[in-house]
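Student: Following this message is one structure expressed as structure tokens.
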Amino acid sequence: MEIIRLTVNGVPHEVAVSPHDTLARVLRERLRLTGTKIGCEQGSCGACTVIINEKAVQSCITPVMRLDDANITTIEGVAQGEHLHELQRHFVEKGAIQCGYCTPGMVITALDFVSKNPNPTVKEIQESLSGNLCRCTGYKKIIEAVAAYASGKVVNTSENKYAMLGHGRPSIEAVKKVRGAADYADDIEVKHALYCVLLRSPHPHARIASINVEKALALPGVRAVITGKDLPISFGVLPISQDETAMAVEKTRYIGEAVAAVAAETEKIAREACTLIAVDYVPLRPFFDMKESCEDVGHDEKIHAHCKFNNNIQKKAELRFGNQREGLDAAAHTVKEEFHFQGVTHGFTEPHAATAWWDENGLTIITATQVPHYLHRYLAKVLEVPMNRVRVIKPYVGGGFGGKSDPFPHELIVSQLSRITGRPVKIRFSREEVFLSNHGRHPTTMTVEMGMSDDGIFEALDADVIIDGGAYGSFGVVTTYYNGVLLQAPYILQNFGFRTRRVYTNKPQCGAMRGHGAVNSRFAVETLIDRLAERINIDPCELRLKNFLSENTTTIGQYRITSNGSAECLRSVMERSDWKNKYKQLPEGEGIGVACGFFISGSALPIHWNEYPQSVVHLKVDMDGRVVVSSGASDIGQGSDTMLAIIVAETLGLSLDNIFVVAADTTLTPIDLGSYSSRVTFMAGNAAKMAAENLREKVIQAVAVIENVEQSELHLAEERIFSNNKTVNLTWFEAVERATRKVGALTVSGYYNSPKLGGDFKGAGAGLSPSYSFGAVIAQVTVDNASGQIKVTGMWGAHDVGKAINPLAVEGQLEGSWHMGLGQALSEEMKFRDGLLLNGNFIDYKIPTAKDTPLFDVSIVESADPEGPYGAKECGEGALHPVLPAVANAIYDAVGVRVTSLPITSETLLNAIKAQKQQPISSGIDQTVEEVL
Amino acid sequence: MTSEKVIHEKVYLLPSTADEAIALASKFAARSGESGNSFRFLAGGTDVMPNRFQGNDTTVHLIDLTRLHELRSITMVTTSSEDRYLRIGALETLEDTARNPLVREEFPMLAEAALSVASPLIRTSATIGGNILCENRCLFYNQSEWWRASVGYCLKCDGDICIATGGKKACFSELVSDTAPALIALDADIEWQDMMGVRRQKLEEIYTGDGATPRNLPQTALVLAIYLPLGRRFKTAFFKLRERESLDFTSLTSAVSLDATGNLKVSLAGVDPKPVVVTGHITDNKDDLIKQALRQSRAIDNDMYSRTYRREMIRVYLTKSFDKLTVYTNGYTQPI
């Protein structure tokens, strides 16, 4: 240990450090300044950025020993006392903060940049932020905040605090996040906690002959070592695929699967202990290829014994409506194509982290999760304790996108380690471990065929899909259906069918990721539509407009369509992009493309079949007048806490000063099923609205009796309750005082149950939703023919969200979706060799930076959904769908080449260009590797 | 509480002169019979620190160079033979190098190369000396300790074979410096010092072509400066292949210069363990020059792009470069 002096945020410290410590670890672990986040520890994401001696640097790669006597500013030192720095105010005001995990680094980077470049252009701002990855915002609002600050604008705070519904406002925790004060799972220090490290399998498919943990246990400081046999009960987010255990029990099924876990006094000891565990593996034939997994394995061992036949097919789903063959035969024009998609992953900036402990209340776990409720269930199942002895708390979560929506092995493991050691146990993943956990979008191969009449009416659609599920089930059975069923809109189809097979392979498992299940098949269909348009020489926008489903109709697979803003979305982006003057008219190498999409607004059927509502919200108001909103909904940065607050405030005529949200704590809050399937605004929002209406009624009833007026005479607005003739004119506080006389605090409840929907055939439940969102995107690109390099120069998007409860948050969801879609379209892929992930880091897994992302043009379309809360519906996932095919269609317009595999890297595109010209891709010197070496 | 088990005493040293740094280094340099140095010089740290995080660098003595203020300056110097040079101290950051008016005026390609490195956050710490010495990379090497153990260690981390090529006995990790090819194309010298004294040589001479031991500098050598010849009035062309416009390491960096007498110098990084260097004249057959470059490029499939594509891009970038530069005929004082 060495003692060094650091002045941090003006405060001098003498700190004992290990000579090779990084500043990030010292700030977080020694000085407890946890506003500085760790996202990668390799200088590749920027979350840890601080200012050292007037220079922004990444503290995760800065050795602390060089900083003796240095002056350091962390995010905690940016605000002056209670007053936010003007830049922070702009971040808050512009909605530049979603999950907030990248925010401290972004603010610090921008602060340093503007101090040195007082009059930056937008391009310079994009450049300056290009070392800071954000996965939520698509960068636009961050860039706007920096530009506004640099221009010297002062944030206007004279907003109408009673303007609720439809008025964009920062999320309620934005100030806390921008100060670096919001605690994420790894920021929370539980006293006397042990540290857990997992030992992971180096084999893709192997029997575990033996595990010897004696040496590890003997290492001083090690408190417990457990293996798969200690937690043998299987689990899985879906009741129908309970195929996973916390650690490999008899065999390991992918490289990276946990086989043992150590709890020790320090992270370092735990890591060393892992190296002392001896595992004897007997390798089995591994399966990496999805087509191979469809075939009989012969005498080799299947990945899972429970597969129905002697192959690795986990699930086959097939639904047929009308007659595809007849439809295709009758169609004047048909197109058919095979498509290939690499797997992509969520890339949230906050690595998984959790701390668990046991006390008189049983187990408590604080963990970065999107689904406290499902975790609650599976902790109880796997640890064999009743649900009333388990409490799951969701702290602030640094993004999820589906990647934190399963119960995870590490959550079960730290809970068990805590039980046997009697100590709290903490875990935090490295970025590599986050990649290995995956649960991302399935690698997919599909053949899709479409038929169309001469006058441009779609006649038939048939899809044959294989999705590569990796080693375990996760949400995969749902994904299997979604790849097919979510093609039955937004266009009218009479002859529609699909077959999807989900197979196991020896790779990290795939699951739900933003736009779940329908992103890849949507790409295929929208690409084919572009080809069909060309066949009859019609504008592809016009072709889509001819075929859209109307509102208040039913699809062939018996989805009930209520509100539907498809046409309005498409017309909006056509107009805003100047489509008519660009399509087929841009110079060679430039192109413009369009695509549409739709998505569910919450799954109508719960994962676990029961008659409990899908969401319940409790409200409590006591003599202080503040309404406590209690909901199990999980805010992971998308703004659901704020959405609940706005709905309650709107309904009660209050400002947010009188609202307090308690969320996502399975003991304190009623069940909400979680943040997945774009369900939260629709379902929790409806429950909140109902609860608020109930509270309103209670207060009005009480006031009416005491003040002797008719209930119908009373109104609530601007924190007052008043009668038409103003004989009653009370403040909210006075009204609550009257309503609580003799009975004390008022508590009310609201809930949401989906209506009965859909057909009665097997599989009819897949994709059923009380409402659907619709959207359209137009992308413009420039392509370099010689290299295949692509630059997206413009993107116009429109999404029918029913009603934007908080337009600022809605824009943020749309921009973030488009950004994520762009990544899958052009640069992101999980690259494996023999089951080993080659690019499990933010250098080689290429999330678009601020320089790679265009400034999106956003249109919010409001179709006023009849059943959504105040007309609102989904906006967080469906917007992603049209991005990918719009980009590909734009590339076609630019260079006349159809690319049918994603991502369309410059290499992929150059290969396609050469293939079209029937030129080999070659440098002209065809040396083989052998010759060169 | 149990104390942590101490394996090696970790040491962090902060010398304030080059002499002191080299003296410290010589204390920890490998003796005969030892496998490697037990020290690492640390300048910006942007390359070494991620490698340490991954377990690719486990040296116990870190010798921090940030207090060697003598290595921080950009000046015009005249040698005894009256040749004029721009001397760039090894500890100049990439950001400062790129913004320096002399660099921008005389060697804009170096500024372009420096600004193409990683992200702005890296460039404010990363130094020019560190960039030319940055560790060779390979998809099968730049991985965690667990990962490398899983596949069996490769040649670059004390294994017996190259994993990327499935068993070759040589290491083909790529040189990924962006400034090195630019500097080499601009005929730069490197100046370094060790216990024996100060020495200056052509920059390209320090690279071995063996990915496992990519440089031949003496163990304790400390890079002092880069020298760029003034008065050559270079015209240049620079390209970097990467999927994103920031953050990425290079998959091919191409730097080409043409001087006033018509001499061409091509230098590539990202396609071989060492810089690929081809010299010629503006009147030479360009296709021959490209073929020479391709023959020297021992690119393998150890990058997110395939070797085929990267080799194709050598031709694309060099063709573009020559197209740009051949508007100048023999001696570009008279453009055609």
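Going by the structure tokens order, chains are called A, B, ..., each with residues numbered from 1, while ligands are numbered from 1 in the order shown.
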I want to know what sits within 9 Å of Ser116 in chain B, based on only C-alpha atoms, with residues of the same chain fewer than 6 positions away left out; could you give that as JSON, numbers by chain?

Tutor: {"B": [178, 179, 240, 245, 246, 247, 250]}

Student: Take the residues just selected and output them with N, CA and C atoms as a tab-separated table (two decimals), in the first residue's frame.

Tutor:
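result16.tsv was written with the following content:
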chain	number	residue	atom	x	y	z
B	178	ASP	N	-1.40	3.93	-36.05
B	178	ASP	CA	-1.76	4.76	-37.20
B	178	ASP	C	-0.69	5.80	-37.50
B	179	THR	N	0.02	6.23	-36.46
B	179	THR	CA	1.03	7.26	-36.72
B	179	THR	C	2.30	6.65	-37.30
B	240	LYS	N	-7.61	5.18	-43.48
B	240	LYS	CA	-7.69	4.19	-42.39
B	240	LYS	C	-8.99	3.42	-42.55
B	245	GLU	N	-16.42	5.45	-37.19
B	245	GLU	CA	-15.58	6.61	-37.43
B	245	GLU	C	-14.80	7.03	-36.19
B	246	SER	N	-14.94	6.29	-35.13
B	246	SER	CA	-14.18	6.58	-33.92
B	246	SER	C	-13.92	5.26	-33.20
B	247	LEU	N	-13.12	5.30	-32.19
B	247	LEU	CA	-12.87	4.17	-31.28
B	247	LEU	C	-12.07	3.01	-31.86
B	250	THR	N	-7.16	0.13	-36.15
B	250	THR	CA	-7.13	0.04	-37.60
B	250	THR	C	-7.19	-1.40	-38.08

Student: If you run DSSP on the backbone here, which positions in range 416-460 of chain A get helix (DSSP H, G or I)? Please write them as a PyMOL selection string.

Tutor: chain A and resi 416-421+431-437

Student: Taking into account only C-alpha atoms, which residue in the set A:Val573, A:Val899, A:Leu910, A:Ala182 is nearest to chain B?

Tutor: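 Of A:Val573, A:Val899, A:Leu910, A:Ala182, the one nearest chain B is A:Leu910, counting only C-alpha atoms.
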
Student: From a DSSP calculation on the backbone, collect every residue of range 674-759 of chain A in strand (DSSP E or B) and output the set as a ChimeraX atom specification.

Tutor: /A:714-717,720-723,729-731,746-752

Student: Residues near range 92-94 of chain A, anyone? I mean within 6 Å using only C-alpha atoms, not counting same-chain ones fewer than 4 positions away, as a count of residues only.

Tutor: 4

Student: Would you pick out the contacts of range 410-416 of chain A at 9 Å or less, using only C-alpha atoms, so that residues sharing its chain but fewer than 4 positions from it are not included, and give the list as number ranges by chain?

Tutor: A: 195-196, 198, 226, 230-231, 246-247, 258, 261, 263, 352-358, 363-365, 367, 375, 378-379, 382-383, 420-421, 424-427

Student: Give me, as a ChimeraX atom specification, all polymer residues having an atom no more than 10 Å from Arg123 in chain B, counting only C-alpha atoms and skipping those fewer than 4 positions away in the same chain.

Tutor: /A:57,131 /B:44,46,93-98,114-119,127-128,131

Student: Find the residues around Ser201 in chain A up to 6 Å (only C-alpha atoms counted), leave out those fewer than 3 positions away in its own chain, and share them as a VMD selection string.

Tutor: chain A and resid 255 to 257

Student: I'd like the neighbourhood of Asp635 in chain A as a VMD selection string, where a residue qualifies if any of its atoms comes within 12 Å (using only C-alpha atoms), though same-chain residues fewer than 3 positions away should be ignored.

Tutor: chain A and resid 98 to 100 171 to 173 368 to 372 393 to 401 404 631 to 632 638 to 644 661 to 665 672 674 to 676 680 to 681 684

Student: Just how far from CA of Ala735 in chain A is CA of Asn658 in chain A, in Å to one decimal?

Tutor: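 Atom-to-atom, CA of Asn658 in chain A and CA of Ala735 in chain A are spaced 13.3 Å apart.
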
Student: For His281 in chain B, which residue among B:Cys134, B:Leu68, B:Leu258, B:Ala111 is the nearest when counting only C-alpha atoms?

Tutor: B:Leu258

Student: Using only C-alpha atoms, find the one residue out of B:Leu325, B:Cys171, B:Ile88, B:Ile190 that sits nearest to Lys274 in chain B.

Tutor: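 Nearest to Lys274 in chain B: B:Cys171.
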